[in-house]
$ cat upload.cif   # mmCIF, C-alpha atoms and all ligand atoms
data_data
loop_
_atom_site.label_atom_id
_atom_site.label_comp_id
_atom_site.auth_asym_id
_atom_site.auth_seq_id
_atom_site.Cartn_x
_atom_site.Cartn_y
_atom_site.Cartn_z
CA MET M 1 0.00 0.00 0.00
CA ALA M 2 1.34 3.47 -0.88
CA VAL M 3 1.37 5.97 2.00
CA ASN M 4 2.09 9.69 1.93
CA GLY M 5 5.21 10.24 4.03
CA ALA M 6 5.09 14.04 3.98
CA GLY M 7 5.65 15.45 7.45
CA ARG M 8 5.96 11.96 8.93
CA ASP M 9 8.75 11.22 11.42
CA ILE M 10 10.12 8.06 9.78
CA ARG M 11 12.53 6.25 12.12
CA ASP M 12 15.34 3.89 11.14
CA VAL M 13 14.58 1.55 14.03
CA THR M 14 11.43 1.04 16.09
CA ILE M 15 11.88 -0.99 19.25
CA ILE M 16 8.85 -2.73 20.74
CA GLY M 17 9.40 -3.03 24.51
CA GLY M 18 11.57 -0.89 26.78
CA GLY M 19 13.11 -3.61 28.97
CA PRO M 20 16.86 -4.34 29.19
CA ALA M 21 17.04 -5.73 25.64
CA GLY M 22 15.06 -2.81 24.18
CA LEU M 23 17.20 -0.23 25.97
CA ALA M 24 20.39 -1.96 24.88
CA ALA M 25 19.12 -1.98 21.28
CA ALA M 26 18.33 1.75 21.57
CA TYR M 27 21.88 2.37 22.74
CA TYR M 28 23.54 0.40 19.94
CA ALA M 29 21.35 1.85 17.19
CA GLY M 30 21.71 5.40 18.54
CA HIS M 31 25.46 4.98 18.84
CA ARG M 32 25.48 4.22 15.11
CA GLU M 33 23.48 7.44 14.49
CA ALA M 34 20.28 5.63 13.58
CA THR M 35 17.01 7.33 14.53
CA VAL M 36 15.17 5.30 17.14
CA ARG M 37 11.69 5.04 18.64
CA ILE M 38 10.73 2.87 21.62
CA VAL M 39 7.10 1.81 22.06
CA GLU M 40 6.38 0.45 25.56
CA SER M 41 3.03 -0.77 26.89
CA LEU M 42 3.73 0.07 30.53
CA GLU M 43 4.01 3.63 31.84
CA GLN M 44 7.66 3.02 32.72
CA LEU M 45 10.83 1.68 31.15
CA GLY M 46 12.86 -1.21 32.55
CA GLY M 47 10.75 -4.27 31.66
CA GLN M 48 10.49 -7.11 34.17
CA VAL M 49 13.34 -5.70 36.26
CA ALA M 50 11.50 -2.46 37.03
CA ALA M 51 8.04 -4.02 37.19
CA VAL M 52 8.70 -7.23 39.10
CA TYR M 53 11.91 -6.92 41.11
CA PRO M 54 13.16 -3.31 41.32
CA GLU M 55 14.44 -3.75 44.89
CA LYS M 56 16.05 -7.17 44.47
CA HIS M 57 19.72 -7.56 43.75
CA ILE M 58 21.08 -8.94 40.50
CA PHE M 59 24.41 -10.76 40.66
CA ASP M 60 25.03 -12.07 37.15
CA ILE M 61 25.51 -9.01 34.96
CA ALA M 62 29.11 -8.60 33.86
CA GLY M 63 30.82 -5.68 35.57
CA TYR M 64 28.36 -5.56 38.48
CA PRO M 65 29.10 -8.10 41.25
CA LYS M 66 25.80 -6.99 42.82
CA ILE M 67 23.34 -4.31 41.72
CA ASN M 68 19.85 -3.31 42.81
CA GLY M 69 17.27 -3.83 40.01
CA GLN M 70 16.07 -0.22 39.81
CA ASP M 71 19.64 1.12 39.91
CA TYR M 72 20.49 -1.11 36.98
CA VAL M 73 17.43 0.03 35.03
CA ASP M 74 18.22 3.70 35.73
CA ARG M 75 21.71 3.21 34.24
CA MET M 76 20.31 1.40 31.23
CA VAL M 77 17.82 4.21 30.62
CA GLU M 78 20.57 6.84 30.86
CA GLN M 79 22.76 4.89 28.45
CA GLY M 80 19.98 3.82 26.07
CA LEU M 81 18.30 7.21 25.64
CA GLN M 82 21.42 9.39 25.38
CA PHE M 83 21.09 9.70 21.59
CA GLY M 84 17.54 11.06 21.78
CA ALA M 85 15.29 8.07 21.11
CA ASP M 86 11.62 8.99 20.88
CA VAL M 87 9.88 7.12 23.73
CA ARG M 88 6.17 6.27 23.61
CA LEU M 89 4.99 4.94 26.98
CA GLY M 90 1.58 3.39 27.64
CA GLU M 91 1.17 2.18 24.06
CA ASN M 92 0.42 -1.42 23.19
CA VAL M 93 1.34 -2.39 19.63
CA LYS M 94 -1.49 -3.54 17.39
CA ASP M 95 -1.11 -3.88 13.62
CA LEU M 96 1.92 -4.16 11.37
CA GLU M 97 1.74 -3.69 7.61
CA ARG M 98 4.20 -3.26 4.77
CA VAL M 99 3.78 0.10 3.02
CA GLU M 100 5.51 2.03 0.27
CA VAL M 101 6.51 5.63 0.92
CA GLU M 102 8.04 7.50 -2.02
CA GLY M 103 9.42 4.30 -3.48
CA GLU M 104 10.86 3.02 -0.17
CA GLU M 105 9.46 -0.12 1.50
CA LEU M 106 8.69 0.62 5.15
CA TRP M 107 6.77 -0.88 8.04
CA ARG M 108 3.72 0.89 9.42
CA LEU M 109 3.11 0.08 13.07
CA THR M 110 -0.06 1.14 14.88
CA THR M 111 -0.91 0.94 18.57
CA GLU M 112 -4.14 0.36 20.50
CA GLN M 113 -3.82 3.92 21.78
CA GLY M 114 -3.87 5.47 18.28
CA GLY M 115 -0.12 5.64 17.60
CA ASP M 116 0.75 5.38 13.89
CA TYR M 117 4.46 4.99 13.16
CA LEU M 118 6.55 4.52 10.02
CA THR M 119 9.87 2.73 10.34
CA ARG M 120 12.55 1.11 8.21
CA THR M 121 13.25 -1.71 10.64
CA ILE M 122 11.79 -3.16 13.83
CA ILE M 123 13.29 -4.92 16.84
CA ILE M 124 10.78 -6.81 18.96
CA THR M 125 12.02 -6.87 22.55
CA ALA M 126 8.66 -7.59 24.16
CA GLY M 127 9.88 -10.04 26.81
CA HIS M 128 7.03 -12.43 27.54
CA GLY M 129 4.60 -9.95 26.04
CA ALA M 130 2.44 -7.47 27.86
CA PHE M 131 2.07 -8.98 31.31
CA GLU M 132 -0.45 -8.78 34.11
CA PRO M 133 -0.18 -10.20 37.63
CA ARG M 134 -2.28 -13.28 38.46
CA THR M 135 -5.06 -12.56 40.91
CA LEU M 136 -7.51 -14.41 43.20
CA PRO M 137 -11.24 -15.00 42.63
CA ILE M 138 -12.36 -12.88 45.58
CA GLU M 139 -15.34 -10.61 45.00
CA GLY M 140 -14.47 -6.91 45.14
CA LEU M 141 -10.74 -7.66 45.48
CA GLU M 142 -9.60 -4.93 43.06
CA GLU M 143 -11.26 -2.26 45.22
CA TRP M 144 -8.49 -2.86 47.78
CA VAL M 145 -5.71 -1.81 45.41
CA GLY M 146 -4.33 1.43 46.83
CA ARG M 147 -5.90 0.61 50.22
CA GLY M 148 -3.62 -2.22 51.32
CA LEU M 149 -3.58 -4.69 48.42
CA HIS M 150 -0.43 -4.89 46.27
CA TYR M 151 0.69 -6.90 43.28
CA PHE M 152 4.19 -5.40 43.19
CA VAL M 153 6.75 -4.27 45.74
CA LYS M 154 7.96 -1.16 43.97
CA ARG M 155 9.37 0.58 47.04
CA LYS M 156 10.17 -1.28 50.23
CA ALA M 157 9.60 1.91 52.23
CA VAL M 158 5.83 1.56 51.62
CA PHE M 159 5.92 -1.48 53.94
CA ALA M 160 8.05 0.07 56.71
CA GLY M 161 6.67 -1.00 60.09
CA ARG M 162 3.53 -2.45 58.44
CA ARG M 163 1.98 -5.82 59.27
CA CYS M 164 2.24 -7.72 56.00
CA LEU M 165 0.81 -10.89 54.55
CA ILE M 166 2.33 -12.38 51.41
CA VAL M 167 0.35 -14.86 49.32
CA GLY M 168 2.14 -17.32 47.02
CA GLY M 169 4.27 -20.41 46.88
CA GLY M 170 6.99 -19.53 44.39
CA ASP M 171 10.27 -17.64 44.43
CA SER M 172 8.78 -14.14 44.55
CA ALA M 173 6.68 -14.90 47.64
CA LEU M 174 9.66 -16.48 49.40
CA ASP M 175 12.06 -13.72 48.33
CA TRP M 176 9.83 -10.94 49.63
CA THR M 177 9.33 -12.75 52.93
CA ILE M 178 13.12 -12.64 53.22
CA ASN M 179 13.74 -9.20 51.69
CA LEU M 180 11.13 -7.37 53.75
CA GLN M 181 12.57 -8.65 57.04
CA ASP M 182 14.48 -5.38 57.54
CA THR M 183 11.45 -3.25 56.69
CA ALA M 184 8.07 -4.71 57.65
CA ALA M 185 6.73 -5.43 61.14
CA LEU M 186 7.56 -9.00 62.14
CA PRO M 187 6.42 -11.68 61.78
CA ILE M 188 5.62 -11.48 58.09
CA HIS M 189 2.78 -13.88 57.31
CA LEU M 190 3.28 -16.16 54.31
CA VAL M 191 0.18 -17.93 53.05
CA HIS M 192 0.20 -20.70 50.46
CA ARG M 193 -2.59 -23.02 49.41
CA ARG M 194 -0.30 -26.07 49.37
CA ASP M 195 2.11 -27.42 52.00
CA LYS M 196 5.00 -27.52 49.55
CA PHE M 197 6.67 -24.38 48.15
CA ARG M 198 7.81 -24.28 44.53
CA GLY M 199 10.77 -21.95 45.09
CA LEU M 200 14.51 -22.43 45.32
CA GLU M 201 15.41 -24.93 48.08
CA ALA M 202 17.74 -22.42 49.78
CA SER M 203 14.93 -19.83 49.95
CA VAL M 204 12.47 -22.39 51.36
CA SER M 205 15.00 -23.34 54.08
CA HIS M 206 15.66 -19.67 54.84
CA VAL M 207 11.96 -18.91 55.24
CA ARG M 208 11.46 -21.99 57.44
CA GLN M 209 14.29 -20.73 59.69
CA LEU M 210 12.57 -17.33 59.87
CA HIS M 211 9.36 -19.13 60.87
CA ASP M 212 11.18 -21.06 63.60
CA SER M 213 12.72 -17.85 64.97
CA GLY M 214 9.37 -16.02 64.94
CA ALA M 215 10.32 -13.54 62.19
CA ALA M 216 7.92 -15.15 59.69
CA ARG M 217 4.72 -17.12 60.11
CA ILE M 218 4.14 -19.76 57.44
CA MET M 219 0.47 -20.67 57.05
CA THR M 220 -0.15 -23.69 54.81
CA PRO M 221 -2.41 -25.01 53.42
CA PHE M 222 -4.38 -21.77 53.82
CA GLU M 223 -6.29 -19.63 51.35
CA LEU M 224 -7.13 -15.94 51.47
CA ARG M 225 -10.93 -15.56 51.49
CA GLU M 226 -11.74 -11.97 52.40
CA LEU M 227 -10.22 -8.54 53.01
CA ARG M 228 -11.84 -6.35 55.66
CA GLY M 229 -11.51 -2.76 56.76
CA GLY M 230 -12.71 0.76 56.05
CA HIS M 231 -10.62 3.42 54.37
CA HIS M 232 -7.64 1.02 54.54
CA LEU M 233 -7.24 -2.71 55.04
CA GLU M 234 -7.55 -3.76 58.70
CA SER M 235 -7.79 -7.56 58.62
CA VAL M 236 -8.05 -10.62 56.40
CA VAL M 237 -9.97 -13.86 56.68
CA LEU M 238 -7.99 -17.01 55.88
CA GLU M 239 -9.31 -20.52 55.47
CA ASP M 240 -7.39 -23.50 56.78
CA THR M 241 -8.29 -25.90 53.98
CA THR M 242 -7.51 -29.01 56.03
CA ASP M 243 -10.63 -28.45 58.18
CA SER M 244 -12.32 -25.44 56.47
CA SER M 245 -11.94 -23.35 59.63
CA LEU M 246 -11.83 -19.54 59.17
CA HIS M 247 -9.25 -17.32 60.89
CA GLU M 248 -9.26 -13.52 61.04
CA ILE M 249 -5.86 -11.82 61.32
CA GLU M 250 -5.27 -8.09 61.80
CA LEU M 251 -3.02 -6.71 59.07
CA ASP M 252 -2.08 -3.57 57.16
CA GLU M 253 -0.86 -4.84 53.79
CA VAL M 254 -1.43 -7.87 51.56
CA ILE M 255 1.03 -8.64 48.77
CA LEU M 256 -0.14 -11.12 46.13
CA GLN M 257 2.83 -12.89 44.54
CA LEU M 258 1.07 -15.42 42.32
CA GLY M 259 3.07 -14.96 39.16
CA PHE M 260 2.09 -13.33 35.89
CA VAL M 261 -0.01 -14.08 32.88
CA SER M 262 1.55 -12.67 29.78
CA ARG M 263 0.43 -12.54 26.18
CA LEU M 264 2.17 -11.74 22.96
CA GLY M 265 -1.19 -10.29 21.94
CA HIS M 266 -1.35 -8.77 18.47
CA ILE M 267 2.31 -9.60 17.80
CA ALA M 268 1.26 -13.25 17.46
CA ASP M 269 -0.96 -12.31 14.49
CA TRP M 270 1.76 -10.69 12.38
CA GLY M 271 2.84 -13.81 10.52
CA LEU M 272 5.91 -14.48 12.67
CA GLU M 273 6.82 -18.03 13.68
CA VAL M 274 5.52 -18.13 17.25
CA VAL M 275 7.02 -20.81 19.51
CA GLY M 276 5.19 -21.95 22.66
CA LYS M 277 2.80 -18.95 22.47
CA LYS M 278 5.34 -16.53 23.98
CA GLN M 279 8.42 -16.46 21.80
CA VAL M 280 9.26 -15.66 18.21
CA ARG M 281 11.70 -17.76 16.20
CA VAL M 282 14.73 -15.87 14.91
CA ASP M 283 17.73 -16.73 12.80
CA PRO M 284 20.45 -16.80 15.50
CA THR M 285 23.05 -15.41 13.11
CA SER M 286 21.14 -12.18 12.51
CA PHE M 287 18.16 -12.21 14.91
CA GLU M 288 15.85 -11.56 11.98
CA THR M 289 12.37 -13.06 12.23
CA ALA M 290 10.29 -14.55 9.43
CA LEU M 291 9.41 -10.99 8.33
CA PRO M 292 11.95 -8.89 6.43
CA ASN M 293 13.66 -6.17 8.49
CA VAL M 294 11.82 -7.30 11.62
CA PHE M 295 14.23 -8.56 14.28
CA ALA M 296 13.74 -9.85 17.81
CA ALA M 297 16.01 -9.94 20.87
CA GLY M 298 15.82 -10.69 24.58
CA ASP M 299 13.37 -13.08 26.23
CA VAL M 300 10.96 -12.97 23.28
CA ALA M 301 13.52 -14.27 20.76
CA TYR M 302 13.72 -18.05 20.36
CA TYR M 303 16.37 -20.27 18.77
CA ASP M 304 17.75 -23.66 19.78
CA GLY M 305 19.77 -23.31 22.97
CA LYS M 306 18.13 -20.04 24.00
CA ILE M 307 18.61 -18.93 27.62
CA THR M 308 16.43 -16.12 28.96
CA LEU M 309 18.89 -14.00 30.92
CA ILE M 310 19.56 -10.27 30.78
CA THR M 311 23.14 -10.73 29.72
CA VAL M 312 22.10 -12.95 26.78
CA GLY M 313 19.46 -10.41 25.67
CA LEU M 314 22.01 -7.58 25.66
CA GLY M 315 24.24 -9.42 23.18
CA GLU M 316 21.27 -10.28 20.99
CA ALA M 317 20.19 -6.63 21.03
CA ALA M 318 23.64 -5.55 19.84
CA ILE M 319 23.48 -7.95 16.90
CA ALA M 320 19.91 -6.98 15.98
CA ALA M 321 20.63 -3.24 16.25
CA ASN M 322 23.70 -3.48 14.01
CA GLN M 323 21.66 -5.46 11.49
CA CYS M 324 18.97 -2.75 11.54
CA VAL M 325 21.52 -0.01 10.96
CA ALA M 326 22.92 -1.87 7.96
CA ARG M 327 19.44 -2.55 6.52
CA ALA M 328 18.26 1.04 7.03
CA ARG M 329 21.33 2.33 5.16
CA GLY M 330 21.60 -0.50 2.66
CA VAL M 331 25.20 -1.24 3.70
CA LYS M 332 27.14 -4.22 5.11
CA VAL M 333 26.87 -5.10 8.80
CA GLN M 334 29.85 -3.63 10.57
CA PRO M 335 30.07 -3.08 14.30
CA ALA M 336 31.66 0.11 15.62
CA TYR M 337 33.63 0.42 18.84
CA SER M 338 32.35 2.93 21.38
CA THR M 339 35.73 3.99 22.79
CA GLU M 340 36.98 7.45 21.95
C1 LIG M 401 11.74 -12.42 39.69
C2 LIG M 401 12.73 -12.42 38.54
C3 LIG M 401 14.08 -12.41 38.81
C4 LIG M 401 15.00 -12.43 37.74
N1 LIG M 401 16.34 -12.42 38.02
C5 LIG M 401 17.23 -12.38 37.01
C6 LIG M 401 18.64 -12.36 37.27
O1 LIG M 401 19.08 -12.38 38.42
N2 LIG M 401 19.49 -12.31 36.20
C7 LIG M 401 19.04 -12.31 34.90
O2 LIG M 401 19.86 -12.26 33.97
N3 LIG M 401 17.72 -12.35 34.62
C8 LIG M 401 16.81 -12.39 35.64
N4 LIG M 401 15.46 -12.43 35.36
C9 LIG M 401 15.04 -12.45 33.93
C10 LIG M 401 15.20 -11.05 33.33
O3 LIG M 401 14.46 -10.11 34.07
C11 LIG M 401 14.73 -11.09 31.88
O4 LIG M 401 15.55 -12.01 31.17
C12 LIG M 401 14.83 -9.71 31.24
O5 LIG M 401 14.03 -8.76 31.91
C13 LIG M 401 14.42 -9.80 29.77
O6 LIG M 401 14.55 -8.53 29.21
P1 LIG M 401 13.73 -8.14 27.90
O7 LIG M 401 14.08 -6.72 27.62
O8 LIG M 401 13.92 -9.19 26.87
O9 LIG M 401 12.19 -8.26 28.34
P2 LIG M 401 11.36 -7.59 29.51
O10 LIG M 401 12.20 -7.22 30.66
O11 LIG M 401 10.22 -8.51 29.76
O12 LIG M 401 10.80 -6.26 28.85
C14 LIG M 401 9.86 -6.33 27.81
C15 LIG M 401 9.08 -5.05 27.75
O13 LIG M 401 8.24 -5.08 26.59
C16 LIG M 401 6.98 -4.51 26.92
N5 LIG M 401 5.96 -5.06 26.01
C17 LIG M 401 5.51 -6.32 25.97
N6 LIG M 401 4.55 -6.46 25.04
C18 LIG M 401 4.40 -5.23 24.49
C19 LIG M 401 3.54 -4.72 23.49
N7 LIG M 401 2.65 -5.51 22.87
N8 LIG M 401 3.62 -3.41 23.17
C20 LIG M 401 4.52 -2.60 23.79
N9 LIG M 401 5.36 -3.03 24.76
C21 LIG M 401 5.30 -4.33 25.10
C22 LIG M 401 6.76 -4.96 28.35
O14 LIG M 401 5.84 -4.11 29.02
C23 LIG M 401 8.16 -4.87 28.95
O15 LIG M 401 8.42 -3.62 29.55
C24 LIG M 401 14.54 -12.43 36.39
C25 LIG M 401 13.16 -12.42 36.13
C26 LIG M 401 12.25 -12.42 37.19
C27 LIG M 401 10.78 -12.41 36.88
#

$ encode --input "upload.cif" --output "structure tokens"
Amino acid sequence: MAVNGAGRDIRDVTIIGGGPAGLAAAYYAGHREATVRIVESLEQLGGQVAAVYPEKHIFDIAGYPKINGQDYVDRMVEQGLQFGADVRLGENVKDLERVEVEGEELWRLTTEQGGDYLTRTIIITAGHGAFEPRTLPIEGLEEWVGRGLHYFVKRKAVFAGRRCLIVGGGDSALDWTINLQDTAALPIHLVHRRDKFRGLEASVSHVRQLHDSGAARIMTPFELRELRGGHHLESVVLEDTTDSSLHEIELDEVILQLGFVSRLGHIADWGLEVVGKKQVRVDPTSFETALPNVFAAGDVAYYDGKITLITVGLGEAAIAANQCVARARGVKVQPAYSTE
């Protein structure tokens, strides 16, 4: 389809997703003087690191023996946006179509929020897709958000001196029971509907020790049934599922750590080769997908032997960004050193 490009801000590279891989791609493309746009569905950059574990420490990124998640994201944002990428937050990508603008083949990307962008190349760095936290089937539950119910721990200070209950049986629930020890009022209650936890053995042992010392109170197999209070949460009702007995506990904050449901959404309808509903197959020598000039990097990119780690995504982003620069200019792929 022919499109009038007059007055349109055509970018060399459009990056879908502003997590670590997207920010790294923005850096590499910008460093090569390509024009970049990032489209991100959340209202913040930083991907899973900022949304899920901003206050946890990361130990396996080269050059940082230990770094707090949000600190890492802040550095990535500073580095990634230094060349002036156009950032569109709160926009969820929708349709992708091939168009012709003054004889040049481009991609036209639209978003659910009305964004309409022309671009020479695309890098999909959408992680596991737009994600939402899993919830519980309790009537009126969402009305407690902002009044004592949380799906994320964005700032530990919010829980300072507060009586907290964490719901979940995986790593996040265990980790927050451990990581809030220096912040929340003790004991921190940990509720799980099964007796067995799914998390890392070392974390399970640690939490059991906290329980034995009185710093945590493990309640299994229990289920959260009701939240009670007025302006703010005051108590919860838990069911002991072994005998169906109900127990009311006075509390200030409930943190649901039940994992996430994520969807590739519209991206899955673009004619890419989707693997296991959440990833897109790429050629591991170029990171190009089944569509021309559309690349993928980070957790969303799949090839045999793939490992979903930040450090892996950063390397993939560098390859994809250099490919995009070459395609946008019609030249050979050639990396450039950053030292000066
Ligand atoms: C609890 C936890 C701990 C972890 N610990 C480590 C660790 O110690 N070390 C490590 O290396 N890795 C760790 N990881 C994994 C690491 O966070 C991921 O590998 C990394 O975040 C992937 O980066 P990404 O940029 O590919 O995707 P993401 O971080 O998922 O970012 C993708 C972004 O794309 C956006 N997006 C998705 N769909 C759309 C759409 N349709 N339109 C617009 N935007 C969209 C999302 O909102 C998101 O911001 C951990 C993960 C979790 C959950």

$ residues_around --input "upload.cif" --residues "stretch 310-322 of chain M" --least-positions-apart "5" --cutoff "8 Å" --atoms "only C-alpha atoms" --output "PyMOL selection string"
chain M and resi 20-22+24-26+28-29+32+60-62+123+286-288+295-299+333-335

$ closest_atom_pairs --input "upload.cif" --of "chain M" --to "ligand LIG 401 (chain M)" --cutoff "7 Å" --atoms "all atoms listed in the file" --output "JSON lines"
{"residue": "M:Ile16", "atom": "CA", "partner": "M:LIG401", "partner_atom": "C20", "distance": 5.3}
{"residue": "M:Gly17", "atom": "CA", "partner": "M:LIG401", "partner_atom": "O13", "distance": 3.1}
{"residue": "M:Gly18", "atom": "CA", "partner": "M:LIG401", "partner_atom": "C15", "distance": 4.9}
{"residue": "M:Gly19", "atom": "CA", "partner": "M:LIG401", "partner_atom": "O12", "distance": 3.5}
{"residue": "M:Pro20", "atom": "CA", "partner": "M:LIG401", "partner_atom": "O7", "distance": 4.0}
{"residue": "M:Ala21", "atom": "CA", "partner": "M:LIG401", "partner_atom": "O7", "distance": 3.7}
{"residue": "M:Gly22", "atom": "CA", "partner": "M:LIG401", "partner_atom": "O7", "distance": 5.3}
{"residue": "M:Val39", "atom": "CA", "partner": "M:LIG401", "partner_atom": "C20", "distance": 5.4}
{"residue": "M:Glu40", "atom": "CA", "partner": "M:LIG401", "partner_atom": "N9", "distance": 3.7}
{"residue": "M:Ser41", "atom": "CA", "partner": "M:LIG401", "partner_atom": "N9", "distance": 3.9}
{"residue": "M:Leu42", "atom": "CA", "partner": "M:LIG401", "partner_atom": "O14", "distance": 4.9}
{"residue": "M:Leu45", "atom": "CA", "partner": "M:LIG401", "partner_atom": "O15", "distance": 6.0}
{"residue": "M:Gly46", "atom": "CA", "partner": "M:LIG401", "partner_atom": "O15", "distance": 5.9}
{"residue": "M:Gly47", "atom": "CA", "partner": "M:LIG401", "partner_atom": "O15", "distance": 3.2}
{"residue": "M:Gln48", "atom": "CA", "partner": "M:LIG401", "partner_atom": "O10", "distance": 3.9}
{"residue": "M:Val49", "atom": "CA", "partner": "M:LIG401", "partner_atom": "O3", "distance": 5.0}
{"residue": "M:Val52", "atom": "CA", "partner": "M:LIG401", "partner_atom": "C27", "distance": 6.0}
{"residue": "M:Tyr53", "atom": "CA", "partner": "M:LIG401", "partner_atom": "C1", "distance": 5.7}
{"residue": "M:Ile58", "atom": "CA", "partner": "M:LIG401", "partner_atom": "O1", "distance": 4.5}
{"residue": "M:Phe59", "atom": "CA", "partner": "M:LIG401", "partner_atom": "O1", "distance": 6.0}
{"residue": "M:Asp60", "atom": "CA", "partner": "M:LIG401", "partner_atom": "N2", "distance": 5.6}
{"residue": "M:Ile61", "atom": "CA", "partner": "M:LIG401", "partner_atom": "O2", "distance": 6.6}
{"residue": "M:Glu91", "atom": "CA", "partner": "M:LIG401", "partner_atom": "C20", "distance": 5.8}
{"residue": "M:Asn92", "atom": "CA", "partner": "M:LIG401", "partner_atom": "N8", "distance": 3.8}
{"residue": "M:Val93", "atom": "CA", "partner": "M:LIG401", "partner_atom": "N8", "distance": 4.3}
{"residue": "M:Thr125", "atom": "CA", "partner": "M:LIG401", "partner_atom": "O8", "distance": 5.3}
{"residue": "M:Ala126", "atom": "CA", "partner": "M:LIG401", "partner_atom": "O13", "distance": 3.5}
{"residue": "M:Gly127", "atom": "CA", "partner": "M:LIG401", "partner_atom": "O9", "distance": 3.3}
{"residue": "M:His128", "atom": "CA", "partner": "M:LIG401", "partner_atom": "O11", "distance": 5.5}
{"residue": "M:Gly129", "atom": "CA", "partner": "M:LIG401", "partner_atom": "N6", "distance": 3.6}
{"residue": "M:Ala130", "atom": "CA", "partner": "M:LIG401", "partner_atom": "N6", "distance": 3.7}
{"residue": "M:Phe131", "atom": "CA", "partner": "M:LIG401", "partner_atom": "O14", "distance": 6.6}
{"residue": "M:Ser172", "atom": "CA", "partner": "M:LIG401", "partner_atom": "C1", "distance": 5.9}
{"residue": "M:Leu264", "atom": "CA", "partner": "M:LIG401", "partner_atom": "N6", "distance": 6.2}
{"residue": "M:Gly265", "atom": "CA", "partner": "M:LIG401", "partner_atom": "N7", "distance": 6.2}
{"residue": "M:His266", "atom": "CA", "partner": "M:LIG401", "partner_atom": "N7", "distance": 6.8}
{"residue": "M:Ile267", "atom": "CA", "partner": "M:LIG401", "partner_atom": "N7", "distance": 6.5}
{"residue": "M:Ala297", "atom": "CA", "partner": "M:LIG401", "partner_atom": "O8", "distance": 6.4}
{"residue": "M:Gly298", "atom": "CA", "partner": "M:LIG401", "partner_atom": "O8", "distance": 3.3}
{"residue": "M:Asp299", "atom": "CA", "partner": "M:LIG401", "partner_atom": "O8", "distance": 4.0}
{"residue": "M:Val300", "atom": "CA", "partner": "M:LIG401", "partner_atom": "O8", "distance": 6.0}
{"residue": "M:Thr308", "atom": "CA", "partner": "M:LIG401", "partner_atom": "O4", "distance": 4.7}
{"residue": "M:Leu309", "atom": "CA", "partner": "M:LIG401", "partner_atom": "O2", "distance": 3.6}
{"residue": "M:Ile310", "atom": "CA", "partner": "M:LIG401", "partner_atom": "O2", "distance": 3.8}
{"residue": "M:Thr311", "atom": "CA", "partner": "M:LIG401", "partner_atom": "O2", "distance": 5.6}
{"residue": "M:Gly313", "atom": "CA", "partner": "M:LIG401", "partner_atom": "O8", "distance": 5.8}

$ residues_around --input "upload.cif" --residues "stretch 222-225 of chain M" --least-positions-apart "5" --cutoff "9 Å" --atoms "all atoms listed in the file" --output "number ranges by chain"
M: 136-138, 167, 191-195, 236-242, 246

$ closest_residue --input "upload.cif" --among "M:Gly84, M:Gly63, M:Pro54, M:Gly214" --to "M:Lys156" --atoms "only C-alpha atoms"
M:Pro54

$ atom_distance --input "upload.cif" --atom1 "atom CA of M:Asn4" --atom2 "atom CA of M:Ile38"
22.6 Å

$ closest_residue --input "upload.cif" --among "M:Ala336, M:Ala173, M:Leu149, M:Ala202" --to "M:His232" --atoms "all atoms listed in the file"
M:Leu149

$ atom_distance --input "upload.cif" --atom1 "atom CA of M:Gly259" --atom2 "atom CA of M:Lys94"
25.0 Å

$ atom_distance --input "upload.cif" --atom1 "atom CA of M:Leu200" --atom2 "atom CA of M:Ala51"
21.1 Å

$ closest_residue --input "upload.cif" --among "M:Ala85, M:Leu165, M:Leu227, M:Ala301" --to "M:Val36" --atoms "all atoms listed in the file"
M:Ala85

$ residues_near_point --input "upload.cif" --point "(27.5, 4.9, 29.8)" --cutoff "12 Å" --atoms "only C-alpha atoms" --output "ChimeraX atom specification"
/M:24,27-28,31,72,74-83,338-339

$ residues_around --input "upload.cif" --residues "M:Leu291" --least-positions-apart "2" --cutoff "12 Å" --atoms "only C-alpha atoms" --output "JSON, numbers by chain"
{"M": [96, 97, 98, 107, 121, 122, 123, 124, 267, 270, 271, 272, 273, 280, 281, 282, 283, 287, 288, 289, 293, 294, 295, 296]}

$ write_last_selection --input "upload.cif" --atoms "C-alpha atoms" --output "mmCIF file, in the frame of the given file"
data_model
loop_
_atom_site.group_PDB
_atom_site.id
_atom_site.type_symbol
_atom_site.label_atom_id
_atom_site.label_comp_id
_atom_site.auth_asym_id
_atom_site.auth_seq_id
_atom_site.Cartn_x
_atom_site.Cartn_y
_atom_site.Cartn_z
ATOM 1 C CA LEU M 96 1.920 -4.160 11.370
ATOM 2 C CA GLU M 97 1.740 -3.690 7.610
ATOM 3 C CA ARG M 98 4.200 -3.260 4.770
ATOM 4 C CA TRP M 107 6.770 -0.880 8.040
ATOM 5 C CA THR M 121 13.250 -1.710 10.640
ATOM 6 C CA ILE M 122 11.790 -3.160 13.830
ATOM 7 C CA ILE M 123 13.290 -4.920 16.840
ATOM 8 C CA ILE M 124 10.780 -6.810 18.960
ATOM 9 C CA ILE M 267 2.310 -9.600 17.800
ATOM 10 C CA TRP M 270 1.760 -10.690 12.380
ATOM 11 C CA GLY M 271 2.840 -13.810 10.520
ATOM 12 C CA LEU M 272 5.910 -14.480 12.670
ATOM 13 C CA GLU M 273 6.820 -18.030 13.680
ATOM 14 C CA VAL M 280 9.260 -15.660 18.210
ATOM 15 C CA ARG M 281 11.700 -17.760 16.200
ATOM 16 C CA VAL M 282 14.730 -15.870 14.910
ATOM 17 C CA ASP M 283 17.730 -16.730 12.800
ATOM 18 C CA PHE M 287 18.160 -12.210 14.910
ATOM 19 C CA GLU M 288 15.850 -11.560 11.980
ATOM 20 C CA THR M 289 12.370 -13.060 12.230
ATOM 21 C CA ASN M 293 13.660 -6.170 8.490
ATOM 22 C CA VAL M 294 11.820 -7.300 11.620
ATOM 23 C CA PHE M 295 14.230 -8.560 14.280
ATOM 24 C CA ALA M 296 13.740 -9.850 17.810
#
